[in-house]
Amino acid sequence: MQDVVIVAFDGVQSLDVTGPLEVFAGANVGVPGTYRITVGSVGRRPVATSSGLRILPDADLDDIPRADLIVIPGGTGTRHGQDDVAAWLRDRAPAARRIMAVCTGAFILGDAGLLDGRQATTHWDHCAALARQHTSTRVDPDPIFVRDGNIATSAGVTAGIDLALALVEEDLGRRTALQIARHLVMFLRRPGGQRQFSVQLRAQLAEHDNIREVQQYIVERPDTDLSIKALAELARLSERQFTRTFTKEVGVSPGRYVDQARLEAARRRLEDTRDGIEQVARACGYGTPEAMRRAFVKELGVAPLDYRERFRCAL
């Protein structure tokens, strides 16, 4: 039996606590006695989550004899510092087999000195701040989660569930993790190599209506003519003015945005349909399977068929 300690504090994000808890509890249904789960706080004080939900912890952190896995959630409470939690974590970390942070819980790991010289991630909106505050940490803003040795950090909120599922898969195998994912109505997918958000959310939302319309058009019609000329006409701008305005407002060039949108469309079709590779390539604007293969290898490091095989549980 592994002892899982989930740390709670005022301002914690409730789903950062309950998401991983449900995953590990689900594992106990499939394989009884795998995890002993304890929610602890400093002094066993009741905590108010960022949404106002109140949690009554099971134990005082100092009274918990051991922790094989420590889960540090995120939430607005991490912005004010959690010195007591960081001190407790610093003391218990050497004996823990694994430590995971959800979302901005990575800041507490950083304050405890556990991210020094390591690679980590956090909520996309806080990656720059984590890099500024912990300069020896290599912060990667793209992955859903990052594992560096026995330390794992995840992106925002639901990414903590992805990470917990990955740990259960490591402990109990793919079949058990998949059963939990299906029960939670989730796919057992989104490994660390995938980006945190869709192309629309990663890019900035344009200020002007005509540029926003072009953004939406690209995402909804990846198989159409998305040349600069065609998009500029749609935006009712000259090609030069369109390119300059789009890049300024969206944060990436029109061509790059099109590439990202087509890749995402192809990725989703490979995950969620049984369409053939040639059919997917045509539907997503690549024209040929070879063009799609080059895009996948360049951006994701795997060919489309390998990508589909990795996510076959979603089919």
# chains A, B, ... in the order shown; residues from 1 in each chain; ligands from 1
$ residues_around --residues "Leu231 of chain A" --least-positions-apart "6" --cutoff "12 Å" --atoms "only C-alpha atoms" --output "count of residues only"
24
$ residues_around --residues "segment 277-284 of chain A" --least-positions-apart "6" --cutoff "10 Å" --atoms "only C-alpha atoms" --output "VMD selection string"
chain A and resid 219 to 224 261 to 270 290 to 293 304 to 305 308
$ closest_residue --among "A:Val157, A:Leu89, A:Leu165, A:Val4" --to "Thr34 of chain A" --atoms "only C-alpha atoms"
A:Val4
$ atom_distance --atom1 "atom CA of Arg45 of chain A" --atom2 "atom CA of Val7 of chain A"
11.4 Å
$ atom_distance --atom1 "atom CA of Gly156 of chain A" --atom2 "atom CA of His80 of chain A"
18.2 Å
$ select_by_dssp --residues "segment 41-229 of chain A" --states "strand (DSSP E)" --output "list in words"
Ser41, Val47, Ala48, Arg54, Ile55, Ala59, Asp60, Leu69, Ile70, Val71, Ile72, Arg98, Ile99, Met100, Ala101, Gln119, Ala120, Arg138, Val139, Phe145, Val146, Arg147, Asp148, Ile151, Ala152, Thr153 and Ser154 of chain A
$ write_last_selection --atoms "N, CA, C and O atoms" --output "CSV table (one decimal), in the first residue's frame"
chain,number,residue,atom,x,y,z
A,41,SER,N,-3.5,19.2,6.4
A,41,SER,CA,-3.2,20.6,6.4
A,41,SER,C,-2.4,20.9,7.6
A,41,SER,O,-2.3,20.1,8.5
A,47,VAL,N,-9.8,24.3,5.7
A,47,VAL,CA,-9.4,25.3,4.7
A,47,VAL,C,-10.5,25.7,3.8
A,47,VAL,O,-11.5,24.9,3.6
A,48,ALA,N,-10.5,26.9,3.4
A,48,ALA,CA,-11.5,27.5,2.4
A,48,ALA,C,-10.8,27.5,1.1
A,48,ALA,O,-9.8,28.1,0.9
A,54,ARG,N,-15.4,24.5,1.6
A,54,ARG,CA,-14.6,24.3,2.8
A,54,ARG,C,-14.2,22.8,2.9
A,54,ARG,O,-15.1,21.9,2.6
A,55,ILE,N,-13.0,22.5,3.2
A,55,ILE,CA,-12.5,21.2,3.3
A,55,ILE,C,-12.0,20.9,4.8
A,55,ILE,O,-11.3,21.7,5.3
A,59,ALA,N,-6.0,15.0,8.6
A,59,ALA,CA,-4.9,15.0,9.6
A,59,ALA,C,-4.1,16.2,9.6
A,59,ALA,O,-4.1,17.0,8.6
A,60,ASP,N,-3.4,16.4,10.7
A,60,ASP,CA,-2.3,17.5,10.7
A,60,ASP,C,-1.1,16.9,9.9
A,60,ASP,O,-0.7,15.8,10.1
A,69,LEU,N,3.7,9.3,-1.9
A,69,LEU,CA,3.4,10.3,-2.9
A,69,LEU,C,2.9,11.5,-2.2
A,69,LEU,O,1.9,11.4,-1.5
A,70,ILE,N,3.5,12.7,-2.5
A,70,ILE,CA,2.9,13.9,-2.0
A,70,ILE,C,2.4,14.7,-3.1
A,70,ILE,O,3.0,14.9,-4.2
A,71,VAL,N,1.1,15.2,-2.9
A,71,VAL,CA,0.4,16.0,-4.0
A,71,VAL,C,0.3,17.4,-3.4
A,71,VAL,O,-0.3,17.6,-2.4
A,72,ILE,N,0.8,18.3,-4.2
A,72,ILE,CA,0.7,19.8,-3.8
A,72,ILE,C,-0.2,20.4,-4.8
A,72,ILE,O,0.2,20.6,-6.0
A,98,ARG,N,7.7,9.9,-4.7
A,98,ARG,CA,7.3,10.7,-5.8
A,98,ARG,C,6.6,12.0,-5.2
A,98,ARG,O,5.9,11.9,-4.1
A,99,ILE,N,6.8,13.1,-5.9
A,99,ILE,CA,6.1,14.3,-5.5
A,99,ILE,C,5.5,15.0,-6.7
A,99,ILE,O,6.2,15.1,-7.8
A,100,MET,N,4.3,15.3,-6.7
A,100,MET,CA,3.6,16.0,-7.8
A,100,MET,C,3.0,17.3,-7.4
A,100,MET,O,2.4,17.4,-6.3
A,101,ALA,N,3.0,18.2,-8.3
A,101,ALA,CA,2.4,19.5,-8.1
A,101,ALA,C,1.3,19.7,-9.2
A,101,ALA,O,1.6,19.4,-10.4
A,119,GLN,N,13.5,20.6,-14.7
A,119,GLN,CA,12.5,21.1,-15.7
A,119,GLN,C,11.1,21.0,-15.1
A,119,GLN,O,10.8,20.0,-14.3
A,120,ALA,N,10.3,22.0,-15.3
A,120,ALA,CA,8.9,22.0,-14.7
A,120,ALA,C,8.0,22.7,-15.6
A,120,ALA,O,8.4,23.4,-16.6
A,138,ARG,N,14.1,25.2,-15.3
A,138,ARG,CA,13.8,25.3,-16.7
A,138,ARG,C,12.3,25.1,-16.9
A,138,ARG,O,11.7,24.0,-16.8
A,139,VAL,N,11.6,26.2,-17.1
A,139,VAL,CA,10.1,26.2,-17.2
A,139,VAL,C,9.7,26.0,-18.6
A,139,VAL,O,10.0,26.8,-19.5
A,145,PHE,N,2.1,17.9,-18.6
A,145,PHE,CA,2.8,17.7,-17.4
A,145,PHE,C,4.3,17.3,-17.7
A,145,PHE,O,4.6,17.0,-18.9
A,146,VAL,N,5.1,17.6,-16.8
A,146,VAL,CA,6.6,17.3,-16.9
A,146,VAL,C,7.0,16.4,-15.8
A,146,VAL,O,6.7,16.7,-14.6
A,147,ARG,N,7.8,15.4,-16.1
A,147,ARG,CA,8.4,14.6,-15.0
A,147,ARG,C,9.9,14.7,-15.1
A,147,ARG,O,10.5,14.5,-16.1
A,148,ASP,N,10.5,15.1,-14.0
A,148,ASP,CA,12.0,15.2,-13.9
A,148,ASP,C,12.4,14.5,-12.7
A,148,ASP,O,12.3,14.9,-11.5
A,151,ILE,N,10.1,14.1,-9.4
A,151,ILE,CA,9.3,15.3,-9.3
A,151,ILE,C,8.5,15.5,-10.5
A,151,ILE,O,9.0,15.4,-11.6
A,152,ALA,N,7.2,15.7,-10.4
A,152,ALA,CA,6.3,15.9,-11.5
A,152,ALA,C,5.5,17.2,-11.3
A,152,ALA,O,5.0,17.4,-10.2
A,153,THR,N,5.4,18.0,-12.3
A,153,THR,CA,4.6,19.2,-12.3
A,153,THR,C,3.6,19.2,-13.5
A,153,THR,O,3.9,18.6,-14.5
A,154,SER,N,2.4,19.8,-13.3
A,154,SER,CA,1.4,19.7,-14.3
A,154,SER,C,0.9,21.1,-14.6
A,154,SER,O,1.0,22.1,-13.8
$ residues_around --residues "His134 of chain A" --least-positions-apart "4" --cutoff "9 Å" --atoms "only C-alpha atoms" --output "list in words"
Phe107, Gly110, Asp111, Gly113, Leu115, Asp116, Ala129, Leu130 and Arg138 of chain A
$ select_by_dssp --residues "segment 97-224 of chain A" --states "helix (DSSP H, G or I)" --output "PyMOL selection string"
chain A and resi 105-111+124-133+159-172+174-183+199-202+209-220
$ closest_residue --among "A:Val12, A:Asp83, A:Val168, A:Asp91" --to "Tyr35 of chain A" --atoms "only C-alpha atoms"
A:Val168
